[in-house]
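Have a look at model.cif below; it lists mmCIF, C-alpha atoms (C1' of nucleotides).
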data_run
#
loop_
_atom_site.group_PDB
_atom_site.id
_atom_site.type_symbol
_atom_site.label_atom_id
_atom_site.label_comp_id
_atom_site.auth_asym_id
_atom_site.auth_seq_id
_atom_site.Cartn_x
_atom_site.Cartn_y
_atom_site.Cartn_z
ATOM 1 C CA MET A 11 3.315 -0.168 10.351
ATOM 2 C CA LEU A 12 3.519 -0.213 14.100
ATOM 3 C CA ASN A 13 2.433 3.334 14.853
ATOM 4 C CA GLN A 14 -0.909 5.006 14.277
ATOM 5 C CA LEU A 15 -1.642 5.799 10.666
ATOM 6 C CA GLU A 16 -0.530 9.362 10.074
ATOM 7 C CA PRO A 17 -2.530 11.607 7.735
ATOM 8 C CA LEU A 18 0.254 11.561 5.135
ATOM 9 C CA ASP A 19 0.322 7.762 5.221
ATOM 10 C CA ARG A 20 -3.332 7.702 4.303
ATOM 11 C CA VAL A 21 -3.021 10.373 1.610
ATOM 12 C CA PHE A 22 -0.077 8.779 -0.194
ATOM 13 C CA HIS A 23 -1.538 5.301 0.210
ATOM 14 C CA ALA A 24 -4.813 6.499 -1.264
ATOM 15 C CA LEU A 25 -2.981 8.007 -4.245
ATOM 16 C CA ALA A 26 -0.901 4.860 -4.815
ATOM 17 C CA ASP A 27 -3.796 3.091 -6.520
ATOM 18 C CA PRO A 28 -4.551 3.869 -10.194
ATOM 19 C CA THR A 29 -8.289 3.432 -9.739
ATOM 20 C CA ARG A 30 -8.320 5.913 -6.876
ATOM 21 C CA ARG A 31 -6.175 8.377 -8.812
ATOM 22 C CA ALA A 32 -8.644 8.078 -11.686
ATOM 23 C CA LEU A 33 -11.477 8.887 -9.266
ATOM 24 C CA VAL A 34 -9.607 11.927 -7.946
ATOM 25 C CA GLU A 35 -8.862 12.963 -11.512
ATOM 26 C CA ARG A 36 -12.517 12.879 -12.516
ATOM 27 C CA LEU A 37 -13.610 14.590 -9.317
ATOM 28 C CA SER A 38 -11.175 17.408 -10.019
ATOM 29 C CA HIS A 39 -13.356 18.252 -13.051
ATOM 30 C CA ARG A 40 -16.671 18.113 -11.220
ATOM 31 C CA SER A 41 -18.353 16.356 -8.293
ATOM 32 C CA MET A 42 -20.330 13.202 -8.998
ATOM 33 C CA SER A 43 -22.498 10.555 -7.402
ATOM 34 C CA VAL A 44 -21.111 7.150 -6.439
ATOM 35 C CA SER A 45 -22.803 5.305 -9.281
ATOM 36 C CA GLU A 46 -21.708 7.940 -11.796
ATOM 37 C CA LEU A 47 -18.143 7.436 -10.634
ATOM 38 C CA ALA A 48 -18.539 3.667 -10.769
ATOM 39 C CA ARG A 49 -20.154 3.459 -14.217
ATOM 40 C CA PRO A 50 -16.996 3.457 -16.404
ATOM 41 C CA LEU A 51 -14.933 1.341 -14.031
ATOM 42 C CA PRO A 52 -14.432 -2.406 -14.653
ATOM 43 C CA MET A 53 -15.370 -3.500 -11.145
ATOM 44 C CA SER A 54 -18.357 -3.955 -8.877
ATOM 45 C CA LEU A 55 -20.007 -1.001 -7.169
ATOM 46 C CA PRO A 56 -19.001 -2.139 -3.671
ATOM 47 C CA ALA A 57 -15.381 -2.115 -4.828
ATOM 48 C CA VAL A 58 -15.734 1.502 -5.943
ATOM 49 C CA MET A 59 -17.393 2.327 -2.641
ATOM 50 C CA GLN A 60 -14.411 0.886 -0.811
ATOM 51 C CA HIS A 61 -12.038 2.999 -2.888
ATOM 52 C CA LEU A 62 -14.121 6.057 -2.084
ATOM 53 C CA GLN A 63 -13.966 5.219 1.614
ATOM 54 C CA VAL A 64 -10.183 5.083 1.391
ATOM 55 C CA LEU A 65 -10.154 8.471 -0.338
ATOM 56 C CA GLU A 66 -12.580 9.900 2.194
ATOM 57 C CA SER A 67 -10.652 8.640 5.217
ATOM 58 C CA ALA A 68 -7.554 10.216 3.676
ATOM 59 C CA GLY A 69 -9.447 13.504 3.507
ATOM 60 C CA LEU A 70 -9.135 13.650 -0.276
ATOM 61 C CA VAL A 71 -12.868 13.366 -0.884
ATOM 62 C CA ARG A 72 -15.896 14.560 1.016
ATOM 63 C CA SER A 73 -19.411 13.341 0.377
ATOM 64 C CA VAL A 74 -22.923 14.158 1.401
ATOM 65 C CA LYS A 75 -25.999 12.054 1.040
ATOM 66 C CA VAL A 76 -28.842 13.748 -0.826
ATOM 67 C CA GLY A 77 -31.920 11.621 -0.896
ATOM 68 C CA ARG A 78 -30.770 8.191 -1.967
ATOM 69 C CA THR A 79 -27.688 9.332 -3.842
ATOM 70 C CA ARG A 80 -24.336 10.265 -2.340
ATOM 71 C CA ASN A 81 -22.567 13.197 -3.911
ATOM 72 C CA CYS A 82 -18.772 13.108 -3.817
ATOM 73 C CA ALA A 83 -16.493 16.122 -4.099
ATOM 74 C CA LEU A 84 -12.760 16.574 -4.034
ATOM 75 C CA ASP A 85 -11.132 18.247 -1.027
ATOM 76 C CA MET A 86 -7.943 19.957 -2.126
ATOM 77 C CA ALA A 87 -6.667 20.418 1.437
ATOM 78 C CA ALA A 88 -5.325 16.866 1.723
ATOM 79 C CA LEU A 89 -3.641 17.121 -1.677
ATOM 80 C CA GLY A 90 -2.067 20.336 -0.444
ATOM 81 C CA GLN A 91 -0.620 18.464 2.523
ATOM 82 C CA ALA A 92 1.052 15.931 0.259
ATOM 83 C CA ASN A 93 2.287 18.724 -1.947
ATOM 84 C CA ARG A 94 3.807 20.585 0.985
ATOM 85 C CA TRP A 95 5.683 17.489 2.168
ATOM 86 C CA ILE A 96 7.218 17.055 -1.285
ATOM 87 C CA GLU A 97 8.041 20.759 -1.529
ATOM 88 C CA ALA A 98 9.748 20.609 1.866
ATOM 89 C CA ARG A 99 12.008 17.827 0.564
ATOM 90 C CA ARG A 100 12.862 19.914 -2.466
ATOM 91 C CA CYS A 101 13.739 22.871 -0.240
ATOM 92 C CA GLU A 102 16.096 20.757 1.846
ATOM 93 C CA TRP A 103 17.573 19.324 -1.316
ATOM 94 C CA ASP A 104 18.161 22.795 -2.748
ATOM 95 C CA ALA A 105 19.673 23.973 0.542
ATOM 96 C CA ARG A 106 22.035 21.009 0.369
ATOM 97 C CA LEU A 107 23.060 21.950 -3.147
ATOM 98 C CA ASP A 108 23.622 25.544 -1.996
ATOM 99 C CA ARG A 109 25.830 24.363 0.860
ATOM 100 C CA LEU A 110 27.742 22.228 -1.630
ATOM 101 C CA GLY A 111 28.067 25.217 -3.922
ATOM 102 C CA ASP A 112 29.310 27.404 -1.057
ATOM 103 C CA TYR A 113 31.805 24.742 -0.118
ATOM 104 C CA LEU A 114 33.122 24.553 -3.657
ATOM 105 C CA GLU A 115 33.318 28.361 -3.743
ATOM 106 C CA THR A 116 35.306 28.275 -0.505
ATOM 107 C CA LEU A 117 37.699 25.728 -1.958
ATOM 108 C CA LYS A 118 38.064 27.886 -5.042
ATOM 109 C CA GLY A 119 38.736 30.975 -2.882
ATOM 110 C CA GLU A 120 41.387 29.173 -0.869
ATOM 111 C CA ASN A 121 42.944 27.986 -4.057
ATOM 112 C CA ASP A 122 43.090 31.593 -5.363
ATOM 113 C CA ASP A 123 44.717 32.641 -2.079
ATOM 114 C CA ASP A 124 47.341 29.934 -2.511
ATOM 115 C CA GLN A 125 48.072 31.088 -6.051
ATOM 116 C CA SER A 126 48.324 34.778 -5.048
ATOM 117 C CA ARG A 127 50.908 33.910 -2.407
ATOM 118 C CA MET B 2 -4.096 -4.109 -9.404
ATOM 119 C CA LEU B 3 -4.490 -5.911 -12.656
ATOM 120 C CA ASN B 4 -2.370 -3.740 -14.906
ATOM 121 C CA GLN B 5 1.367 -3.154 -14.861
ATOM 122 C CA LEU B 6 2.584 -1.018 -12.005
ATOM 123 C CA GLU B 7 2.744 2.533 -13.283
ATOM 124 C CA PRO B 8 5.580 4.795 -12.141
ATOM 125 C CA LEU B 9 3.195 6.960 -10.114
ATOM 126 C CA ASP B 10 1.854 3.869 -8.361
ATOM 127 C CA ARG B 11 5.332 3.036 -7.194
ATOM 128 C CA VAL B 12 6.194 6.584 -6.163
ATOM 129 C CA PHE B 13 3.060 7.157 -4.109
ATOM 130 C CA HIS B 14 3.213 3.666 -2.647
ATOM 131 C CA ALA B 15 6.829 4.233 -1.633
ATOM 132 C CA LEU B 16 5.889 7.503 0.069
ATOM 133 C CA ALA B 17 2.935 5.935 1.895
ATOM 134 C CA ASP B 18 5.213 4.345 4.513
ATOM 135 C CA PRO B 19 6.504 6.511 7.400
ATOM 136 C CA THR B 20 9.829 4.667 7.559
ATOM 137 C CA ARG B 21 10.430 5.291 3.867
ATOM 138 C CA ARG B 22 9.424 8.955 4.169
ATOM 139 C CA ALA B 23 11.900 9.264 7.030
ATOM 140 C CA LEU B 24 14.599 7.784 4.789
ATOM 141 C CA VAL B 25 13.767 10.228 1.999
ATOM 142 C CA GLU B 26 13.738 13.051 4.536
ATOM 143 C CA ARG B 27 17.221 12.219 5.777
ATOM 144 C CA LEU B 28 18.534 11.689 2.264
ATOM 145 C CA SER B 29 17.266 15.141 1.300
ATOM 146 C CA HIS B 30 19.874 16.528 3.716
ATOM 147 C CA ARG B 31 22.775 14.409 2.483
ATOM 148 C CA SER B 32 23.476 11.025 0.949
ATOM 149 C CA MET B 33 24.335 8.138 3.250
ATOM 150 C CA SER B 34 25.335 4.501 3.351
ATOM 151 C CA VAL B 35 22.803 1.758 4.028
ATOM 152 C CA SER B 36 24.037 1.071 7.554
ATOM 153 C CA GLU B 37 24.117 4.774 8.371
ATOM 154 C CA LEU B 38 20.493 5.019 7.271
ATOM 155 C CA ALA B 39 19.608 1.911 9.258
ATOM 156 C CA ARG B 40 21.376 2.868 12.521
ATOM 157 C CA PRO B 41 18.618 5.003 14.136
ATOM 158 C CA LEU B 42 15.756 2.841 12.914
ATOM 159 C CA PRO B 43 14.074 0.286 15.213
ATOM 160 C CA MET B 44 14.262 -2.615 12.776
ATOM 161 C CA SER B 45 16.698 -5.074 11.254
ATOM 162 C CA LEU B 46 19.081 -4.090 8.501
ATOM 163 C CA PRO B 47 17.417 -6.367 5.909
ATOM 164 C CA ALA B 48 14.154 -4.568 6.612
ATOM 165 C CA VAL B 49 15.802 -1.227 5.860
ATOM 166 C CA MET B 50 17.324 -2.723 2.702
ATOM 167 C CA GLN B 51 13.872 -3.745 1.567
ATOM 168 C CA HIS B 52 12.562 -0.231 2.149
ATOM 169 C CA LEU B 53 15.468 1.133 0.151
ATOM 170 C CA GLN B 54 14.694 -1.265 -2.675
ATOM 171 C CA VAL B 55 11.118 -0.001 -2.760
ATOM 172 C CA LEU B 56 12.409 3.574 -2.902
ATOM 173 C CA GLU B 57 14.919 2.688 -5.584
ATOM 174 C CA SER B 58 12.418 0.840 -7.776
ATOM 175 C CA ALA B 59 10.194 3.916 -7.473
ATOM 176 C CA GLY B 60 13.089 6.007 -8.741
ATOM 177 C CA LEU B 61 13.194 8.071 -5.559
ATOM 178 C CA VAL B 62 16.642 6.871 -4.567
ATOM 179 C CA ARG B 63 19.721 5.905 -6.517
ATOM 180 C CA SER B 64 22.647 4.039 -5.050
ATOM 181 C CA VAL B 65 26.147 2.998 -6.036
ATOM 182 C CA LYS B 66 28.339 0.425 -4.439
ATOM 183 C CA VAL B 67 31.757 1.743 -3.396
ATOM 184 C CA GLY B 68 33.933 -1.012 -2.028
ATOM 185 C CA ARG B 69 31.806 -2.858 0.458
ATOM 186 C CA THR B 70 29.475 0.034 1.273
ATOM 187 C CA ARG B 71 26.501 1.219 -0.740
ATOM 188 C CA ASN B 72 25.958 4.925 -0.973
ATOM 189 C CA CYS B 73 22.376 6.096 -1.355
ATOM 190 C CA ALA B 74 21.285 9.432 -2.764
ATOM 191 C CA LEU B 75 17.918 11.043 -3.371
ATOM 192 C CA ASP B 76 16.695 11.471 -6.943
ATOM 193 C CA MET B 77 14.382 14.468 -7.097
ATOM 194 C CA ALA B 78 13.010 13.548 -10.534
ATOM 195 C CA ALA B 79 10.532 10.995 -9.186
ATOM 196 C CA LEU B 80 9.351 13.404 -6.502
ATOM 197 C CA GLY B 81 8.844 15.934 -9.271
ATOM 198 C CA GLN B 82 6.601 13.472 -11.088
ATOM 199 C CA ALA B 83 4.377 13.079 -8.039
ATOM 200 C CA ASN B 84 4.344 16.821 -7.574
ATOM 201 C CA ARG B 85 3.298 17.430 -11.162
ATOM 202 C CA TRP B 86 0.396 14.987 -10.869
ATOM 203 C CA ILE B 87 -0.881 16.828 -7.797
ATOM 204 C CA GLU B 88 -0.382 20.214 -9.450
ATOM 205 C CA ALA B 89 -2.333 19.035 -12.484
ATOM 206 C CA ARG B 90 -5.262 18.173 -10.206
ATOM 207 C CA ARG B 91 -5.091 21.614 -8.654
ATOM 208 C CA CYS B 92 -5.128 23.228 -12.095
ATOM 209 C CA GLU B 93 -8.225 21.318 -13.102
ATOM 210 C CA TRP B 94 -9.823 22.177 -9.787
ATOM 211 C CA ASP B 95 -9.061 25.878 -10.280
ATOM 212 C CA ALA B 96 -10.394 25.758 -13.843
ATOM 213 C CA ARG B 97 -13.572 24.239 -12.469
ATOM 214 C CA LEU B 98 -13.884 27.053 -9.950
ATOM 215 C CA ASP B 99 -13.310 29.600 -12.726
ATOM 216 C CA ARG B 100 -16.043 28.039 -14.838
ATOM 217 C CA LEU B 101 -18.307 28.145 -11.809
ATOM 218 C CA GLY B 102 -17.374 31.788 -11.282
ATOM 219 C CA ASP B 103 -18.071 32.627 -14.929
ATOM 220 C CA TYR B 104 -21.420 30.897 -14.686
ATOM 221 C CA LEU B 105 -22.352 32.898 -11.601
ATOM 222 C CA GLU B 106 -21.233 36.100 -13.384
ATOM 223 C CA THR B 107 -23.422 35.168 -16.342
ATOM 224 C CA LEU B 108 -26.387 34.648 -14.043
ATOM 225 C CA LYS B 109 -25.707 37.995 -12.417
ATOM 226 C CA GLY B 110 -25.461 39.677 -15.817
ATOM 227 C CA GLU B 111 -28.749 38.190 -16.959
ATOM 228 C CA ASN B 112 -30.303 39.284 -13.708
ATOM 229 C CA ASP B 113 -29.055 42.861 -14.301
ATOM 230 C CA ASP B 114 -30.527 42.742 -17.808
ATOM 231 C CA ASP B 115 -33.839 41.686 -16.352
ATOM 232 C CA GLN B 116 -33.792 44.547 -13.900
ATOM 233 C CA SER B 117 -32.821 47.126 -16.558
ATOM 234 C CA ARG B 118 -35.803 46.117 -18.664
ATOM 235 C "C1'" DG C 25 -48.616 0.145 -1.260
ATOM 236 C "C1'" DG C 26 -45.042 -1.614 -4.000
ATOM 237 C "C1'" DC C 27 -41.314 -1.724 -7.218
ATOM 238 C "C1'" DA C 28 -36.933 0.035 -8.711
ATOM 239 C "C1'" DC C 29 -32.993 2.564 -7.750
ATOM 240 C "C1'" DA C 30 -28.746 3.941 -5.192
ATOM 241 C "C1'" DC C 31 -26.250 2.690 -2.097
ATOM 242 C "C1'" DT C 32 -24.454 -0.111 2.253
ATOM 243 C "C1'" DA C 33 -22.911 -3.964 5.089
ATOM 244 C "C1'" DA C 34 -20.931 -8.430 5.691
ATOM 245 C "C1'" DA C 35 -18.272 -12.287 4.613
ATOM 246 C "C1'" DG C 36 -14.906 -14.726 1.986
ATOM 247 C "C1'" DT C 37 -10.792 -15.270 -1.172
ATOM 248 C "C1'" DC C 38 -6.423 -14.415 -2.936
ATOM 249 C "C1'" DC C 39 -2.364 -11.531 -3.263
ATOM 250 C "C1'" DT C 40 0.921 -8.120 -1.418
ATOM 251 C "C1'" DT C 41 3.558 -5.882 2.476
ATOM 252 C "C1'" DG C 42 6.466 -5.380 6.275
ATOM 253 C "C1'" DC C 43 8.751 -7.450 8.979
ATOM 254 C "C1'" DT C 44 11.703 -11.476 11.080
ATOM 255 C "C1'" DT C 45 15.808 -14.850 11.431
ATOM 256 C "C1'" DA C 46 19.483 -17.459 9.403
ATOM 257 C "C1'" DA C 47 22.788 -18.103 6.199
ATOM 258 C "C1'" DG C 48 25.523 -16.356 2.478
ATOM 259 C "C1'" DT C 49 29.082 -13.044 -0.376
ATOM 260 C "C1'" DG C 50 32.581 -10.031 -1.146
ATOM 261 C "C1'" DA C 51 35.733 -6.125 0.299
ATOM 262 C "C1'" DT C 52 39.066 -4.303 4.128
ATOM 263 C "C1'" DG C 53 42.467 -4.369 7.595
ATOM 264 C "C1'" DC C 54 45.953 -6.599 10.344
ATOM 265 C "C1'" DG D 3 45.429 -15.865 5.533
ATOM 266 C "C1'" DC D 4 41.676 -14.804 8.136
ATOM 267 C "C1'" DA D 5 38.597 -12.219 10.980
ATOM 268 C "C1'" DT D 6 35.510 -8.378 10.476
ATOM 269 C "C1'" DC D 7 32.533 -5.347 8.389
ATOM 270 C "C1'" DA D 8 28.781 -4.066 5.186
ATOM 271 C "C1'" DC D 9 25.735 -5.684 2.919
ATOM 272 C "C1'" DT D 10 22.736 -9.471 0.353
ATOM 273 C "C1'" DT D 11 19.722 -13.485 -0.261
ATOM 274 C "C1'" DA D 12 16.263 -16.498 1.065
ATOM 275 C "C1'" DA D 13 12.528 -18.347 3.572
ATOM 276 C "C1'" DG D 14 8.728 -17.751 6.477
ATOM 277 C "C1'" DC D 15 4.874 -15.462 8.655
ATOM 278 C "C1'" DA D 16 1.196 -12.314 10.435
ATOM 279 C "C1'" DA D 17 -1.436 -8.473 8.875
ATOM 280 C "C1'" DG D 18 -3.534 -5.694 5.472
ATOM 281 C "C1'" DG D 19 -5.482 -4.701 0.711
ATOM 282 C "C1'" DA D 20 -8.347 -5.296 -3.393
ATOM 283 C "C1'" DC D 21 -11.522 -7.381 -4.931
ATOM 284 C "C1'" DT D 22 -15.868 -10.669 -5.106
ATOM 285 C "C1'" DT D 23 -20.801 -12.217 -4.102
ATOM 286 C "C1'" DT D 24 -24.811 -12.033 -1.355
ATOM 287 C "C1'" DA D 25 -27.999 -9.823 1.267
ATOM 288 C "C1'" DG D 26 -29.702 -5.861 3.319
ATOM 289 C "C1'" DT D 27 -31.516 -0.528 3.985
ATOM 290 C "C1'" DG D 28 -33.569 3.647 2.873
ATOM 291 C "C1'" DT D 29 -35.785 6.929 -1.036
ATOM 292 C "C1'" DG D 30 -38.401 8.205 -4.867
ATOM 293 C "C1'" DC D 31 -41.945 7.517 -8.118
ATOM 294 C "C1'" DC D 32 -46.324 5.576 -9.901
#
Now, as a test, write the supplied structure out as structure tokens.
Amino acid sequence: MLNQLEPLDRVFHALADPTRRALVERLSHRSMSVSELARPLPMSLPAVMQHLQVLESAGLVRSVKVGRTRNCALDMAALGQANRWIEARRCEWDARLDRLGDYLETLKGENDDDQSR
Amino acid sequence: MLNQLEPLDRVFHALADPTRRALVERLSHRSMSVSELARPLPMSLPAVMQHLQVLESAGLVRSVKVGRTRNCALDMAALGQANRWIEARRCEWDARLDRLGDYLETLKGENDDDQSR
DNA sequence: GGCACACTAAAGTCCTTGCTTAAGTGATGC
DNA sequence: GCATCACTTAAGCAAGGACTTTAGTGTGCC
């Protein structure tokens, strides 16, 4: 990774970890505090914090400190970015299949011409 | 990462690298040989091979050897998997917003009741 | 005030990644 | 046959990731 970390790098990297996906999954139901998120997980609280920092720097999670607790909420925008990249690939893929289909149609047409001659 | 690598882990991890996304992007236009994929990239051919192996083990790319060249093609199925995971999060998020909306409606209704008394 | 609670920061360890170079292997073309 | 082309394998290495433990910091409650 020679170049600056692009947003998509951070988003996909954040989602590549099962613990972080589990956090996102639970936050998609409702927002929670750090310790509430950490409670069911088989690791230390600092570890969970670090995962949350990864998610936050990817833009997937936003958090605000209220008193001594930090409340974490999902931010769908970053997920939307990832989604759009994937959708763009599908579009190009479909366009490719269309071109292939057109090409085959052309071949078929030429073949018909040959036969009608 | 204590547990076995889940499919989604591999897919998102594969997509987290800009070089690999570029490969997927070009393969979404048309399939290519390894050296054709490697030509524009500023790294050695073994490095590109390793990226392709990551993509292939994630199920994003399939390849067949024809003579002495290996032809690589995109496999949309794995991308679909990633897409579905993201969509599922969005659904849950929307459901959460609906519940919130219902709750606010309920409050409003109760408030109206109070006023009509 | 003072104790507990909810984080936060720092340092250290071990494993994985993303490259590199060098040395194969196995078709293709003359 | 033999050089060339298109990979393939292996080894090595610097950097980054996923934890840990230990030691703070700032709030809330009695």
For this session: At a cut-off of 12 Å, list the chain C residues touching chain B, using all atoms listed in the file, as JSON, numbers by chain.
Result: {"C": [39, 40, 41, 42, 43, 44, 45, 46, 49, 50, 51, 52]}
Taking all atoms listed in the file into account, produce a table as CSV in which each residue of chain D with an atom at most 12 Å from an atom of chain B appears once, together with its shortest atom pair and the distance in Å to one decimal, ordered by chain and rising number.
residue,atom,partner,partner_atom,distance
D:DC7,C1',B:Arg69,CA,8.3
D:DA8,C1',B:Thr70,CA,5.7
D:DC9,C1',B:Thr70,CA,7.0
D:DT10,C1',B:Pro47,CA,8.3
D:DT11,C1',B:Pro47,CA,9.7
D:DA12,C1',B:Pro47,CA,11.3
D:DG19,C1',B:Met2,CA,10.2
D:DA20,C1',B:Met2,CA,7.5
D:DC21,C1',B:Met2,CA,9.3
For this session: Dump as a PyMOL selection string the residues of chain A that approach chain B to within 7 Å, counting all atoms listed in the file.
Result: chain A and resi 19-20+22-23+25-28+35+38-40+89+93+96+99+102-103+106
Mind dumping the selected residues with C-alpha atoms as an mmCIF file, in the coordinates of the input?
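Generated output (out_36.cif):
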data_model
loop_
_atom_site.group_PDB
_atom_site.id
_atom_site.type_symbol
_atom_site.label_atom_id
_atom_site.label_comp_id
_atom_site.auth_asym_id
_atom_site.auth_seq_id
_atom_site.Cartn_x
_atom_site.Cartn_y
_atom_site.Cartn_z
ATOM 1 C CA ASP A 19 0.322 7.762 5.221
ATOM 2 C CA ARG A 20 -3.332 7.702 4.303
ATOM 3 C CA PHE A 22 -0.077 8.779 -0.194
ATOM 4 C CA HIS A 23 -1.538 5.301 0.210
ATOM 5 C CA LEU A 25 -2.981 8.007 -4.245
ATOM 6 C CA ALA A 26 -0.901 4.860 -4.815
ATOM 7 C CA ASP A 27 -3.796 3.091 -6.520
ATOM 8 C CA PRO A 28 -4.551 3.869 -10.194
ATOM 9 C CA GLU A 35 -8.862 12.963 -11.512
ATOM 10 C CA SER A 38 -11.175 17.408 -10.019
ATOM 11 C CA HIS A 39 -13.356 18.252 -13.051
ATOM 12 C CA ARG A 40 -16.671 18.113 -11.220
ATOM 13 C CA LEU A 89 -3.641 17.121 -1.677
ATOM 14 C CA ASN A 93 2.287 18.724 -1.947
ATOM 15 C CA ILE A 96 7.218 17.055 -1.285
ATOM 16 C CA ARG A 99 12.008 17.827 0.564
ATOM 17 C CA GLU A 102 16.096 20.757 1.846
ATOM 18 C CA TRP A 103 17.573 19.324 -1.316
ATOM 19 C CA ARG A 106 22.035 21.009 0.369
#
For this session: Would you translate the PyMOL selection byres ((chain A and resi 66-68) around 8) into the concrete set of residues it matches in this file, as a ChimeraX atom specification?
Result: /A:17,20-21,24,62-65,69-73,88
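Note that atom C1' of D:DT6 and atom C1' of C:DA47 are 16.6 Å apart.
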Problem set entry | Contacts of C:DG26 within 12 Å, all atoms listed in the file, excl. fewer than 4 positions in-chain, as a list in words | DG30, DC31 and DC32 of chain D
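Separating atom C1' of C:DA35 from atom CA of A:Ala32 is a distance of 27.8 Å.
When you apply the PyMOL selection byres ((chain C and resi 54) around 10) to this structure, what comes back is C:DT52, C:DG53, D:DC4, D:DA5.
The space separating atom C1' of D:DA25 from atom CA of A:Leu33 comes to 27.1 Å.
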